[in-house]
Amino acid sequence: MKQISFSNFRRFEDFPPLSLGDITFLVGGNNCGKSTLVKALLLTFDNLRHIRNSWKDPSSHAPKFRFDANQIHDLHVGTFWRALNHHASDRKDKTISFNLTIGEIAFGITIEGNENDKDDSYETLSPIILLSIKDAENLSVVFDYKKSQAILCANEVSQSMPMERPSVLMNENDIINQIVDFAHNCPDHKDELKALAQKVAVTLRNNVIEYIYTHAAMQKIVFSYEDKNDYIAAVLHDYFEEQILEEGDERKFVLEWMQKFEIGTDFSIDCKSGAAYYVKVKNMAGREMELADLGLGYIQIMILLLKLATFISRYEGPSTPTPTIVIEEPEQNLHPKLQSLLADLFADIYNDYGFRFIIETHSEYIIRSVQNIVLQQSYQDQEDLEQKNPFKVYYFPTTRAPYDMGFLPSGRFKNKFDTGFFDEAGRLHMTIIKHERRG
Amino acid sequence: MLSIFIPQETLENIVIDNMASSVKLEDQDAWYRIFIKQKVIYVSSWKEKEYDAEEDPLLILSNSYQVEIRYDETEYIESIHNNHELVTKYWNGIFLLDITEEEADDIQRDYGVICQSIHHLDASVLMDEGLRFSPVENDKRYSWYTILDGINAEHIPSNHLILIDRYLFANANELETTLDNIFFIMDAMLPLHELKCSYKVTIFYGEQSDGGGVGLSDAAAKVYKIIDGLSRPYTIHVEVICLSRHSDLYKPFHNRKILTNYTITQLEYRLNAFDEKGLSTCQQTIQPQSLFTKSSLYRDIDSPYKTHHDIMSAIYENFIWWVKNYLSPKSTYAFDGQRMFVNKRYRITTIHKNEYLIDLNLSKTIWKKR
């Protein structure tokens with residue numbers, strides 16, 4: 001995933017294009033829009049892969065956008081009305097637009113509002129009125145479902161024609177089929193359009209998003225998979241289902257990082273009747289203990305490591321997609337020293353497995369640790385850094401659009417954070433110094 | 001992008017008095033607010049520090065706001081008292097020195113840089129809410145003199161003026177109007193009093209896609225000629241840079257701007273704002289500003305300083321690229337009316353980060369006649 005922008009979605013009337021790095025950190029105060037970006041990304045990607053018609057309205061020409069998401073849950077957007085920017089709700093324009101560039105393909109989706117879903121209605125689907133797809137060679141197709149026409153733009157010349165009715169239930173293949181259908185009506189550009197359809201198919205197949213949201217670390221002995229609200233049980237279940245071998249790389253990965261975080265030297269997961277899990281950890285002193293007896297921070301890290309090991313197992317091999325892993329506040333419950341280590345963890349997974357990350361964080365320590373990693377790379381100059389540095393840090397101020405902090409080879413940032421983040425500890429400390437020196 | 005020079009003890013005191021969380025934002029000193037927006041501050045100090053690193057106010061400042069505190073210009077800072085001309089080394093310098101108020105005023109007046117005594121600091125010279133002018137077509141209410149009056153060199157010191165307009169010489173038929181506008185901008189902005197250094201004017205314009213417009217040699221020669229009419233008691237040097245359409249600066253320099261060391265004037269539409277009768281040629285907004293406004297300094301919103309900084313960084317980045325790749329220059333350059341060429345011997349090693357191509361010290365210029 002390379003770039004995202006959107007308009008009229010939640011707190012942003014107009015969110016300018018934001019280029020994603022291989023490891024992107026989103027930093028900012030509370031209620032400044034970090035989660036909005038994540039939700040926009042997850043919803044757009046999810047709907048592109050699972051675009052569909054409304055089962056309530058099979059006669060409609062337009063495919064539907066699902067605000068409660070098809071595959072990725074826990075987004076808490078739900079309906080169009082909750083998604084719409086509040087300023088937009090007073091205007092005539094009740095559309096939300098998302099633009100997402102994945103690989104070489106730029107997708108655009110515009111969704112029309114449905115005022116009837118304002119009062120907690122169960123209608124979570126909103127009609128898509130425009131769907132655009134553009135490749136790196138600037139060949140683009142736009143499906144205008146309102147006018148029932150498709151527009152092709154190639155070599156700066158556009159032509160439009162009536163659109164065929166889509167199949168009743170759409171999925172990613174139907175986006176592709178629509179392009180292929182269109183190709184049959186455009187003999188002059190048939191081959192280019194078929195090539196575009198192929199590229200879209202490969203792009204949607206080769207990319208996947210995994211979402212690790214904030215959850216409570218619980219000090220329980222038994223984690224029951226039947227408890228659907230138990231996040232830890234779900235993680236243990238997924239790990240168990242992957243059937244990771246005792247000597248497997250994924251297990252070695254967990255063991256290596258358990259030691260780095262000083263949690264322990266070994267672990268085991270027992271499954272009882274396929275429904276409940278017990279986790280035991282051998283601590284650094286060699287004593288075996290229940291996961292529940294570890295501190296909350298250690299439980300948090302263990303669960304993160306097991307989740308990442310599951311992804312390593314799931315996306316291993318050349319024919320599997322490369323995941324982008326979105327993580328919400330991984331620093332929860334962690335001592336500053338362990339927060340710093342998280343930056344190394346993400347960098348290592350990126351280097352070893354090519355996984356990409358988007359991380360929402362409030363942790364000064366993670367960001368300072370990333371600065372150190374950049375410094376250690378000894379980039380020759382700015383050009384060298386721009387080519388090789390996988391990290392990007394975006395700051396979300398309260399009153400302006402987010403901006404790229406920009407790295408220098410020294411590890412320092414080109415831009416500055418607003419007050420209240422990097423300076424908070426210093427200002428508190430300076431109060432003491434001032435008192436000591438001035439009385 | 002400012003280069004601030006200050007004694008260590010003065011900076012420490014300002015930091016201790018303003019950075020503590022017990023000090024309300026609105027009570028913080030304006031200089032302190034300016035300091036925390038910098039990337040580098042040059043500090044003069046000979047003394048060993050008497051406290052641990054974790055108690056060092058400047059280290060805390062550096063950690064908190066990513067301001068690099070540099071001590072390597074101590075000798076330079078302390079030499080200024082005996083050799084005022086040294087301030088011209090940094091065109092964007094702000095000199096807060098342990099000298100008398102009278103001496104500081106003399107330096108500021110003689111060399112067009114901000115210089116203050118640490119015994120009488122006042123940041124108001126850099127802070128102005130600025131006025132917004134909105135002439136309509138054929139409007140005779142305004143001129144460059146009325147528009148630039150609040151920020152000219154008599155109010156805010158300067159020794160360098162930069163004009164940016166990609167279409168400045170786009171129309172050969174408008175050359176006289178263009179020269180008139182350049183003349184009036186210079187006359188309105190440049191100091192009337194004597195300077196002990198030269199003043200530099202740099203003009204950026206873009207080549208036209210159809211190959212039309214005024215060529216560099218012609219434009220540079222004509223601009224250089226009008227300097228005589230300014231009748232200033234100091235030397236004025238003029239650089240003209242014609243940006244190729246392939247230059248990295250071509251796109252960002254689409255928007256029209258007038259910059260000096262510490263001011264920025266943004267124009268909506270064209271620098272050729274007035275015709276030969278003094279009537280406005282178009283409807284546009286013109287906003288002259290010093291680098292900071294109170295709102296930008298005390299609330300985290302974009303400031304004129306950021307725009308100024310971005311433009312100067314773009315010039316610097318592009319300039320480095322240009323010199324590195326001098327064999328296929330993407331822009332052409334003229335100095336004092338004559339087209340110049342990059343000399344192979346004067347490559348990147350001679351460029352100081354803060355001097356750009358607009359270094360006042362002519363012996364250091366990278367440009368040499370072929």
# chains A, B, ... in the order shown; residues from 1 in each chain; ligands from 1
call {"tool": "interface_residues", "arguments": {"of": "chain B", "to": "chain A", "cutoff": "10 Å", "atoms": "only C-alpha atoms", "output": "PyMOL selection string"}}
result
chain B and resi 13+15-23+36-39+54-57+59-68+299-302+306
call {"tool": "residues_around", "arguments": {"residues": "segment 212-226 of chain B", "least_positions_apart": "6", "cutoff": "7 Å", "atoms": "only C-alpha atoms", "output": "tab-separated table (two decimals) with C-alpha atoms, in the first residue's frame"}}
result
chain	number	residue	atom	x	y	z
B	169	PHE	CA	9.80	37.36	-18.22
B	170	ALA	CA	7.26	35.20	-20.04
B	171	ASN	CA	6.06	38.00	-22.28
B	172	ALA	CA	8.69	39.95	-24.22
B	179	LEU	CA	11.47	46.08	-15.28
B	183	PHE	CA	12.63	48.59	-9.94
B	238	VAL	CA	22.07	41.13	-9.08
B	240	VAL	CA	19.20	36.19	-12.36
B	242	CYS	CA	16.34	31.09	-15.44
B	334	ALA	CA	23.71	35.45	-14.67
B	336	ASP	CA	25.60	41.51	-12.54
B	337	GLY	CA	24.22	41.40	-16.04
B	338	GLN	CA	26.52	38.71	-17.39
B	339	ARG	CA	25.73	35.09	-18.02
call {"tool": "closest_residue", "arguments": {"among": "B:Ile162, B:Leu279, B:Leu2, B:Met186", "to": "Leu230 of chain B", "atoms": "only C-alpha atoms"}}
result
B:Met186
call {"tool": "select_by_dssp", "arguments": {"residues": "segment 56-301 of chain A", "states": "alpha helix (DSSP H)", "output": "JSON, numbers by chain"}}
result
{"A": [80, 81, 82, 83, 172, 173, 174, 175, 176, 177, 178, 179, 180, 181, 182, 183, 184, 185, 190, 191, 192, 193, 194, 195, 196, 197, 198, 199, 200, 201, 202, 203, 204, 205, 206, 231, 232, 233, 234, 235, 236, 237, 238, 239, 240, 241, 249, 250, 251, 252, 253, 254, 255, 256, 257, 258, 259, 260, 296, 297, 298, 299, 300, 301]}
call {"tool": "write_last_selection", "arguments": {"atoms": "C-alpha atoms", "output": "mmCIF file, in the first residue's frame"}}
result
data_model
loop_
_atom_site.group_PDB
_atom_site.id
_atom_site.type_symbol
_atom_site.label_atom_id
_atom_site.label_comp_id
_atom_site.auth_asym_id
_atom_site.auth_seq_id
_atom_site.Cartn_x
_atom_site.Cartn_y
_atom_site.Cartn_z
ATOM 1 C CA PHE A 80 -22.613 5.826 6.437
ATOM 2 C CA TRP A 81 -24.070 8.406 8.783
ATOM 3 C CA ARG A 82 -21.440 7.707 11.431
ATOM 4 C CA ALA A 83 -18.727 7.789 8.789
ATOM 5 C CA GLU A 172 -12.841 -8.836 -6.360
ATOM 6 C CA ASN A 173 -13.340 -10.930 -9.449
ATOM 7 C CA ASP A 174 -16.292 -8.777 -10.359
ATOM 8 C CA ILE A 175 -14.188 -5.624 -10.455
ATOM 9 C CA ILE A 176 -11.939 -7.527 -12.773
ATOM 10 C CA ASN A 177 -14.864 -8.898 -14.797
ATOM 11 C CA GLN A 178 -16.235 -5.389 -15.171
ATOM 12 C CA ILE A 179 -12.953 -4.248 -16.682
ATOM 13 C CA VAL A 180 -12.916 -7.301 -18.935
ATOM 14 C CA ASP A 181 -16.549 -6.636 -20.011
ATOM 15 C CA PHE A 182 -15.547 -3.074 -20.722
ATOM 16 C CA ALA A 183 -12.599 -4.301 -22.793
ATOM 17 C CA HIS A 184 -15.016 -6.095 -25.113
ATOM 18 C CA ASN A 185 -16.758 -2.798 -25.799
ATOM 19 C CA LYS A 190 -8.982 -4.228 -25.586
ATOM 20 C CA ASP A 191 -5.491 -5.547 -24.860
ATOM 21 C CA GLU A 192 -4.558 -2.680 -22.525
ATOM 22 C CA LEU A 193 -7.774 -3.127 -20.545
ATOM 23 C CA LYS A 194 -7.271 -6.859 -20.248
ATOM 24 C CA ALA A 195 -3.748 -6.194 -19.009
ATOM 25 C CA LEU A 196 -5.200 -3.720 -16.492
ATOM 26 C CA ALA A 197 -7.702 -6.338 -15.283
ATOM 27 C CA GLN A 198 -4.849 -8.753 -14.784
ATOM 28 C CA LYS A 199 -2.816 -6.201 -12.846
ATOM 29 C CA VAL A 200 -5.801 -5.432 -10.602
ATOM 30 C CA ALA A 201 -6.287 -9.151 -9.942
ATOM 31 C CA VAL A 202 -2.631 -9.624 -8.997
ATOM 32 C CA THR A 203 -2.594 -6.454 -6.866
ATOM 33 C CA LEU A 204 -5.654 -7.428 -4.845
ATOM 34 C CA ARG A 205 -4.434 -10.989 -4.462
ATOM 35 C CA ASN A 206 -0.878 -10.088 -3.398
ATOM 36 C CA TYR A 231 -8.728 -11.490 22.311
ATOM 37 C CA ILE A 232 -5.915 -13.517 23.911
ATOM 38 C CA ALA A 233 -7.841 -16.770 23.436
ATOM 39 C CA ALA A 234 -8.331 -15.912 19.757
ATOM 40 C CA VAL A 235 -4.598 -15.273 19.318
ATOM 41 C CA LEU A 236 -3.687 -18.532 21.058
ATOM 42 C CA HIS A 237 -6.230 -20.386 18.943
ATOM 43 C CA ASP A 238 -4.818 -18.956 15.703
ATOM 44 C CA TYR A 239 -1.267 -19.838 16.761
ATOM 45 C CA PHE A 240 -2.331 -23.353 17.711
ATOM 46 C CA GLU A 241 -4.235 -23.828 14.450
ATOM 47 C CA ASP A 249 11.247 -20.736 12.605
ATOM 48 C CA GLU A 250 8.113 -19.120 13.997
ATOM 49 C CA ARG A 251 8.650 -20.653 17.424
ATOM 50 C CA LYS A 252 12.340 -19.726 17.282
ATOM 51 C CA PHE A 253 11.254 -16.174 16.517
ATOM 52 C CA VAL A 254 9.083 -16.104 19.654
ATOM 53 C CA LEU A 255 11.864 -17.597 21.798
ATOM 54 C CA GLU A 256 14.460 -15.149 20.503
ATOM 55 C CA TRP A 257 12.297 -12.129 21.244
ATOM 56 C CA MET A 258 11.095 -13.500 24.607
ATOM 57 C CA GLN A 259 14.743 -13.402 25.643
ATOM 58 C CA LYS A 260 15.329 -9.942 24.244
ATOM 59 C CA LEU A 296 0.583 -7.248 32.268
ATOM 60 C CA GLY A 297 3.323 -5.861 30.040
ATOM 61 C CA TYR A 298 4.918 -9.278 29.569
ATOM 62 C CA ILE A 299 1.513 -10.825 28.767
ATOM 63 C CA GLN A 300 0.969 -8.050 26.230
ATOM 64 C CA ILE A 301 4.332 -8.755 24.560
#
call {"tool": "closest_residue", "arguments": {"among": "A:Tyr277, A:Tyr350, A:Phe407, A:Phe355", "to": "Pro321 of chain A", "atoms": "only C-alpha atoms"}}
result
A:Phe355
call {"tool": "residues_around", "arguments": {"residues": "Asp93 of chain A", "least_positions_apart": "5", "cutoff": "12 Å", "atoms": "only C-alpha atoms", "output": "CSV table (one decimal) with C-alpha atoms, in the first residue's frame"}}
result
chain,number,residue,atom,x,y,z
A,7,SER,CA,-12.7,13.3,1.9
A,8,ASN,CA,-15.7,13.8,4.1
A,13,GLU,CA,-13.2,17.2,5.3
A,84,LEU,CA,-19.8,11.1,7.3
A,85,ASN,CA,-17.8,14.2,8.3
A,86,HIS,CA,-20.0,16.4,10.5
A,87,HIS,CA,-19.5,19.5,8.4
A,88,ALA,CA,-20.5,17.5,5.3
A,110,THR,CA,-17.1,7.5,-4.0
A,111,ILE,CA,-20.0,6.6,-1.8
A,112,GLU,CA,-23.4,8.3,-1.6
A,113,GLY,CA,-25.1,8.9,1.6
A,114,ASN,CA,-28.2,7.2,2.9
call {"tool": "atom_distance", "arguments": {"atom1": "atom CA of Leu259 of chain B", "atom2": "atom CA of Ile164 of chain B"}}
result
8.3 Å
call {"tool": "closest_residue", "arguments": {"among": "B:Gln284, B:Gln208, B:Thr332, B:Asn261", "to": "Leu126 of chain B", "atoms": "only C-alpha atoms"}}
result
B:Asn261
call {"tool": "residues_around", "arguments": {"residues": "His119 of chain B", "least_positions_apart": "2", "cutoff": "8 Å", "atoms": "only C-alpha atoms", "output": "PyMOL selection string"}}
result
chain B and resi 98+100-101+117+121
call {"tool": "atom_distance", "arguments": {"atom1": "atom CA of Thr44 of chain A", "atom2": "atom CA of Thr324 of chain A"}}
result
13.9 Å
call {"tool": "select_by_dssp", "arguments": {"residues": "segment 151-244 of chain B", "states": "strand (DSSP E or B)", "output": "list in words"}}
result
His160, Leu161, Ile162, Leu163, Ile164, Tyr199, Lys200, Val201, Thr202, Ile203, Phe204, Tyr205, Gly206, Ile236, His237, Val238, Glu239, Val240, Ile241, Cys242 and Leu243 of chain B
call {"tool": "closest_residue", "arguments": {"among": "A:Leu43, A:Phe391, A:Ile269, A:Asn207", "to": "Gln243 of chain A", "atoms": "only C-alpha atoms"}}
result
A:Ile269
call {"tool": "closest_residue", "arguments": {"among": "A:Glu360, A:Glu329, A:Asp227, A:Asp46", "to": "His215 of chain A", "atoms": "only C-alpha atoms"}}
result
A:Glu329
call {"tool": "atom_distance", "arguments": {"atom1": "atom CA of Ser134 of chain B", "atom2": "atom CA of Gln287 of chain B"}}
result
8.7 Å
call {"tool": "residues_around", "arguments": {"residues": "Pro409 of chain A", "least_positions_apart": "6", "cutoff": "7 Å", "atoms": "only C-alpha atoms", "output": "MDAnalysis selection string"}}
result
chainID A and resid 374:375 378:379 381:382 385
call {"tool": "write_last_selection", "arguments": {"atoms": "N, CA and C atoms", "output": "PDB file, in the first residue's frame"}}
result
ATOM      1  N   VAL A 374      17.822   4.568  12.587  1.00  0.00           N
ATOM      2  CA  VAL A 374      18.166   5.312  11.362  1.00  0.00           C
ATOM      3  C   VAL A 374      19.625   5.758  11.426  1.00  0.00           C
ATOM      4  N   LEU A 375      20.035   6.286  12.576  1.00  0.00           N
ATOM      5  CA  LEU A 375      21.426   6.730  12.741  1.00  0.00           C
ATOM      6  C   LEU A 375      22.396   5.579  12.500  1.00  0.00           C
ATOM      7  N   SER A 378      23.964   4.494   9.093  1.00  0.00           N
ATOM      8  CA  SER A 378      25.051   5.301   8.504  1.00  0.00           C
ATOM      9  C   SER A 378      24.791   5.615   7.028  1.00  0.00           C
ATOM     10  N   TYR A 379      23.638   6.179   6.764  1.00  0.00           N
ATOM     11  CA  TYR A 379      23.337   6.574   5.389  1.00  0.00           C
ATOM     12  C   TYR A 379      24.345   7.624   4.945  1.00  0.00           C
ATOM     13  N   ASP A 381      24.204  10.023   2.632  1.00  0.00           N
ATOM     14  CA  ASP A 381      23.637  11.360   2.529  1.00  0.00           C
ATOM     15  C   ASP A 381      22.117  11.243   2.464  1.00  0.00           C
ATOM     16  N   GLN A 382      21.472  12.370   2.253  1.00  0.00           N
ATOM     17  CA  GLN A 382      20.007  12.398   2.259  1.00  0.00           C
ATOM     18  C   GLN A 382      19.426  11.521   1.141  1.00  0.00           C
ATOM     19  N   LEU A 385      19.562   7.973   2.139  1.00  0.00           N
ATOM     20  CA  LEU A 385      18.526   7.718   3.146  1.00  0.00           C
ATOM     21  C   LEU A 385      17.141   7.605   2.490  1.00  0.00           C
TER      22      LEU A 385
END
call {"tool": "residues_around", "arguments": {"residues": "Asn272 of chain B", "least_positions_apart": "3", "cutoff": "8 Å", "atoms": "only C-alpha atoms", "output": "number ranges by chain"}}
result
B: 168, 177-178, 181, 275, 281
